[in-house]
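Participant: Okay, here's the structure, questions in a sec.
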Amino acid sequence: MLEIAVSARLGTFTVDARLSCETDGIVAFFGRSGAGKTSLVNILAGLVKPDRGRIAVNGDVLFDSARGIDLVPERRRLGYVFQEGRLFPHLSVRRNLMYGYSRAPKSALNLSLDQVVDLLGLAALLGRRPRDLSGGEKQRVALGRALLANPRLLLMDEPLAALDQQRKDEVLPFIERLRDELGTPIVYVSHSMAEIVRLADTLVLISDGRVEAVGTVEDLTSRLDLRPLTGRYEAGAVISARVAGQDQDYALTELAFSGGRLQVPHVDAPLGTELRVRVRARDVSLALQPPKNISILNMIECEIQDVGEEEGPQVDLRLNAGGTAIWARVTRRSIAEMGLRRGTRVYALVKAVAIDRSSLGRVAGMRRFLAGSMAREPD
Amino acid sequence: MFELSALEREAIELSLRVAFWSVLISLPVALATAWLLARVEFPGKTLVNGLVHLPLVLPPVVVGYLLLLLLGRYGIVGRWLYEWFGIQLPFTWQGAALAAAVMAFPLVVRAMRLSLENVDRRLELAARTLGASPMDVFASVTLPLMAPGILVGAVLGFARSLGEFGATIVFASNIPGETRTLPLALYSLTQTADGEGPALRLAVISVVISLGALAASELMARRLHMQASA
């Protein structure tokens with residue numbers, strides 16, 4: 001359980017954040033750059049002192065201005081993975097890893113060096129110096145170092161932002177392993193919706209130093225009022241689905257969700273695995289009748305629930321597919337010519353190849369949210 | 001063929017001892033001062049900074065004279081030191097070491113301050129999040145990272161102390177076997193008839209010692225560098 005209610009003036013910027021959520025799996029702080037995500041994480045870690053408020057992790061109070069509590073960073077026991085790694089240049093990888101471990105209270109030690117080295121594939125790097133590591137390797141070591149301090153909560157501030165796509169793909173699976181195998185609660189800061197869909201269960205939308213909404217990734221990305229925050233280019237629906245079949249001949253995987261079935265490029269997961277799929281609005285076309293002789297494999301029957309009121313050439317529509325929200329972005333002209341309005345029955349066409357590995361994420365355990373006005377109890 | 005006379009040995013031994021103690025005295029004080037100047041904001045910082053650099057710009061003789069006023073047998077602090085502890089600094093080799101330390105101080109502080117300012121403070125914050133207290137961070141992160149700067153400071157201070165003349169002769173005088181270091185011995189020789197030969201020998205010895213110190217520091221720096229990057 002992560003409870004934050006703080007306000008802080010940092011120069012001309014003001015952070016006024018209120019948030020309360022369970023910390024199973026990964027909680028993502030999402031927002032544009034300059035929204036205050038890093039400031040909020042620094043406040044959590046004790047590196048920046050808020051003017052007033054309260055911070056508690058799993059009931060342990062880290063900061064409470066009313067009671068005069070302000071734990072120093074070294075006593076908060078929050079692992080922090082920085083964007084730039086921040087490995088100690090004068091220490092070997094092994095000694096970097098052991099830095100936090102040897103300083104953690106003995107009673108808190110659940111993870112050993114061997115376990116973490118194994119999990120993150122660091123065995124070959126132990127004798128090296130940070131300057132001899134690639135960007136991806138550095139972040140893996142930084143991850144291991146923070147983990148080995150055996151923290152109550154792991155804070156990751158855009159740990160992949162400084163890496164190119166290839167290095168990102170190299171580090172991402174390790175973060176997934178960490179989430180799935182260790183169950184260490186993680187706060188993950190990012191401005192990339194792709195990373196969040198892949199990793200996070202809970203989404204915290206941050207804008208202008210404030211928490212705008214807290215909820216499941218699926219719920220928040222389907223809300224029209226939050227669209228300015230979740231972003232236009234990245235806009236899309238996040239659908240919970242389950243692996244329902246594998247087509248070996250064509251290397252396709254069939255996913256079942258409440259609105260029907262989706263064929264996507266092969267996903268290496270056993271039948272029944274719960275997945276999260278992001279379908280971007282711009283990858284969805286609409287037809288009034290099911291078209292024939294067309295290469296698009298996925299045709300999902302749905303009803304138009306909402307038509308956006310944008311002025312520009314394109315408009316976002318929210319579709320209801322058996323209870324699941326799907327977004328489609330089409331031209332205003334198409335809307336006029338097809339006579340699309342609320343209640344129209346349409347077929348949503350989704351190219352299978354538009355859904356790639358980066359749009360898929362595994363679903364972790366149960367989640368529950370108790371955030372102020374945004375409180376929501378899913379299912 | 002180059003055998004040292006008793007007088008030369010005495011001067012060399014004394015010079016090394018004075019320089020060694022000078023560095024030893026100034027290192028911790030300079031470290032604290034460098035920290036203060038690089039990391040702490042306080043009123044009167046400019047004044048302190050100026051005071052630290054004063055020996056660099058004042059004629060050394062003036063520094064020696066001021067030391068005498070301050071720490072002399074009847075000086076402001078000196079009288080007190082003598083009456084309470086029986087400590088007398090002028091005309092002793094300890095006084096010579098102190099004079100050398102004061103003269104070398106700005107150089108040592110500068111080197112340390114520069115290296116301290118180059119230490120990435122974000123690394124220190126990272127260490128805090130990993131459970132290290134501020135003192136622990138200083139010992140395990142800051143100090144190792146500024147080690148090259150401390151080394152440079154020590155070598156500069158050592159070299160400066162070996163060459164110290166003006167402040168020493170005023171504050172500690174020119175007493176054979178007590179405060180007559182190499183430069184003072186050389187000076188004394190040039191004041192006597194047929195002292196030219198022995199003076200030249202001392203000059204050569206000075207060059208050799210200085211080069212030796214430089215070489216030693218180079219070696220240490222290389223080892224430090226290897227440690228930091230191997």
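Please note that chains go A, B, ... in the order of the structure tokens, that every chain numbers its residues from 1, and that ligands are numbered from 1 in the order shown.
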Please identify all residues of chain B having at least one atom at most 6 Å from any atom of chain A, considering only C-alpha atoms, and return them as a VMD selection string.
Facilitator: chain B and resid 123 128 to 132 228
Participant: Okay, now the selection with N, CA and C atoms, as a compact mmCIF listing (two decimals), in the first residue's frame?
Facilitator:
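Output below, filename selection-v5.txt:
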# COMPACT_ATOMS: atom_id res chain seq x y z
N LEU B 123 25.87 10.83 -7.46
CA LEU B 123 26.37 9.54 -6.95
C LEU B 123 26.21 9.48 -5.45
N ARG B 128 23.06 7.43 -0.73
CA ARG B 128 22.13 7.62 0.39
C ARG B 128 20.94 6.68 0.24
N THR B 129 20.39 6.59 -0.99
CA THR B 129 19.22 5.73 -1.18
C THR B 129 19.58 4.26 -0.95
N LEU B 130 20.88 3.94 -1.03
CA LEU B 130 21.30 2.56 -0.81
C LEU B 130 21.62 2.29 0.65
N GLY B 131 21.33 3.26 1.51
CA GLY B 131 21.44 2.99 2.94
C GLY B 131 22.67 3.57 3.62
N ALA B 132 23.42 4.43 2.93
CA ALA B 132 24.63 4.98 3.54
C ALA B 132 24.34 6.33 4.18
N ALA B 228 40.87 2.99 -10.45
CA ALA B 228 39.57 3.57 -10.75
C ALA B 228 39.01 3.07 -12.07
Participant: For stretch 147-152 of chain B, find every residue with an atom within 10 Å (counting only C-alpha atoms), except residues of its own chain fewer than 2 positions away, and show them as a ChimeraX atom specification.
Facilitator: /B:27,30-31,107-116,118,142-145,154-158,214,217-218,220-222,224-225
Participant: Would you list, as a ChimeraX atom specification, the residues of stretch 18-94 of chain A that end up in alpha helix (DSSP H) under DSSP run on this structure's backbone?
Facilitator: /A:37-45,73-76,93-94
Participant: Skipping near chain neighbours, those fewer than 6 positions away, what residues fall within 9 Å of A:Thr38 using only C-alpha atoms, listed as a ChimeraX atom specification?
Facilitator: /A:157-158,189
Participant: Check the smallest atom-to-atom distance from each of A:Arg345, A:Arg32, A:Arg242, A:Lys138 to A:Gln289 using only C-alpha atoms, then report the winner.
Facilitator: A:Arg345
Participant: For a test of reading the model, state the distance in Å between atom CA of A:Ala5 and atom CA of A:Arg152, rounded to one decimal.
Facilitator: 18.8 Å
Participant: Using DSSP on the backbone, list every residue of stretch 120-195 of chain A that comes out as strand (DSSP E or B), and give them as a PyMOL selection string.
Facilitator: chain A and resi 153-157+186-190
Participant: Skipping near chain neighbours, those fewer than 3 positions away, what residues fall within 12 Å of A:Leu19 using only C-alpha atoms, listed as a PyMOL selection string?
Facilitator: chain A and resi 1-7+16+22-23+27+29+40+44+53-57+202-206+210-215+369-375
Participant: Using only C-alpha atoms, which of A:His266, A:Ser285, A:Ser39, A:Gln248 sits nearest A:Gly11?
Facilitator: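 For A:Gly11, the nearest of the given residues is A:Ser39.
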Participant: Contacts of stretch 8-17 of chain B at 9 Å or less, counting only C-alpha atoms, minus same-chain residues fewer than 6 places along, as a ChimeraX atom specification?
Facilitator: /B:93,97,158,161-163,176-185,198,201-202,205-206,209
Participant: With distances taken over only C-alpha atoms, which residue among B:Ser173, B:Thr190, B:Thr168, B:Asn49 lies nearest B:Thr33?
Facilitator: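 Counting only C-alpha atoms, the residue closest to B:Thr33 is B:Asn49.
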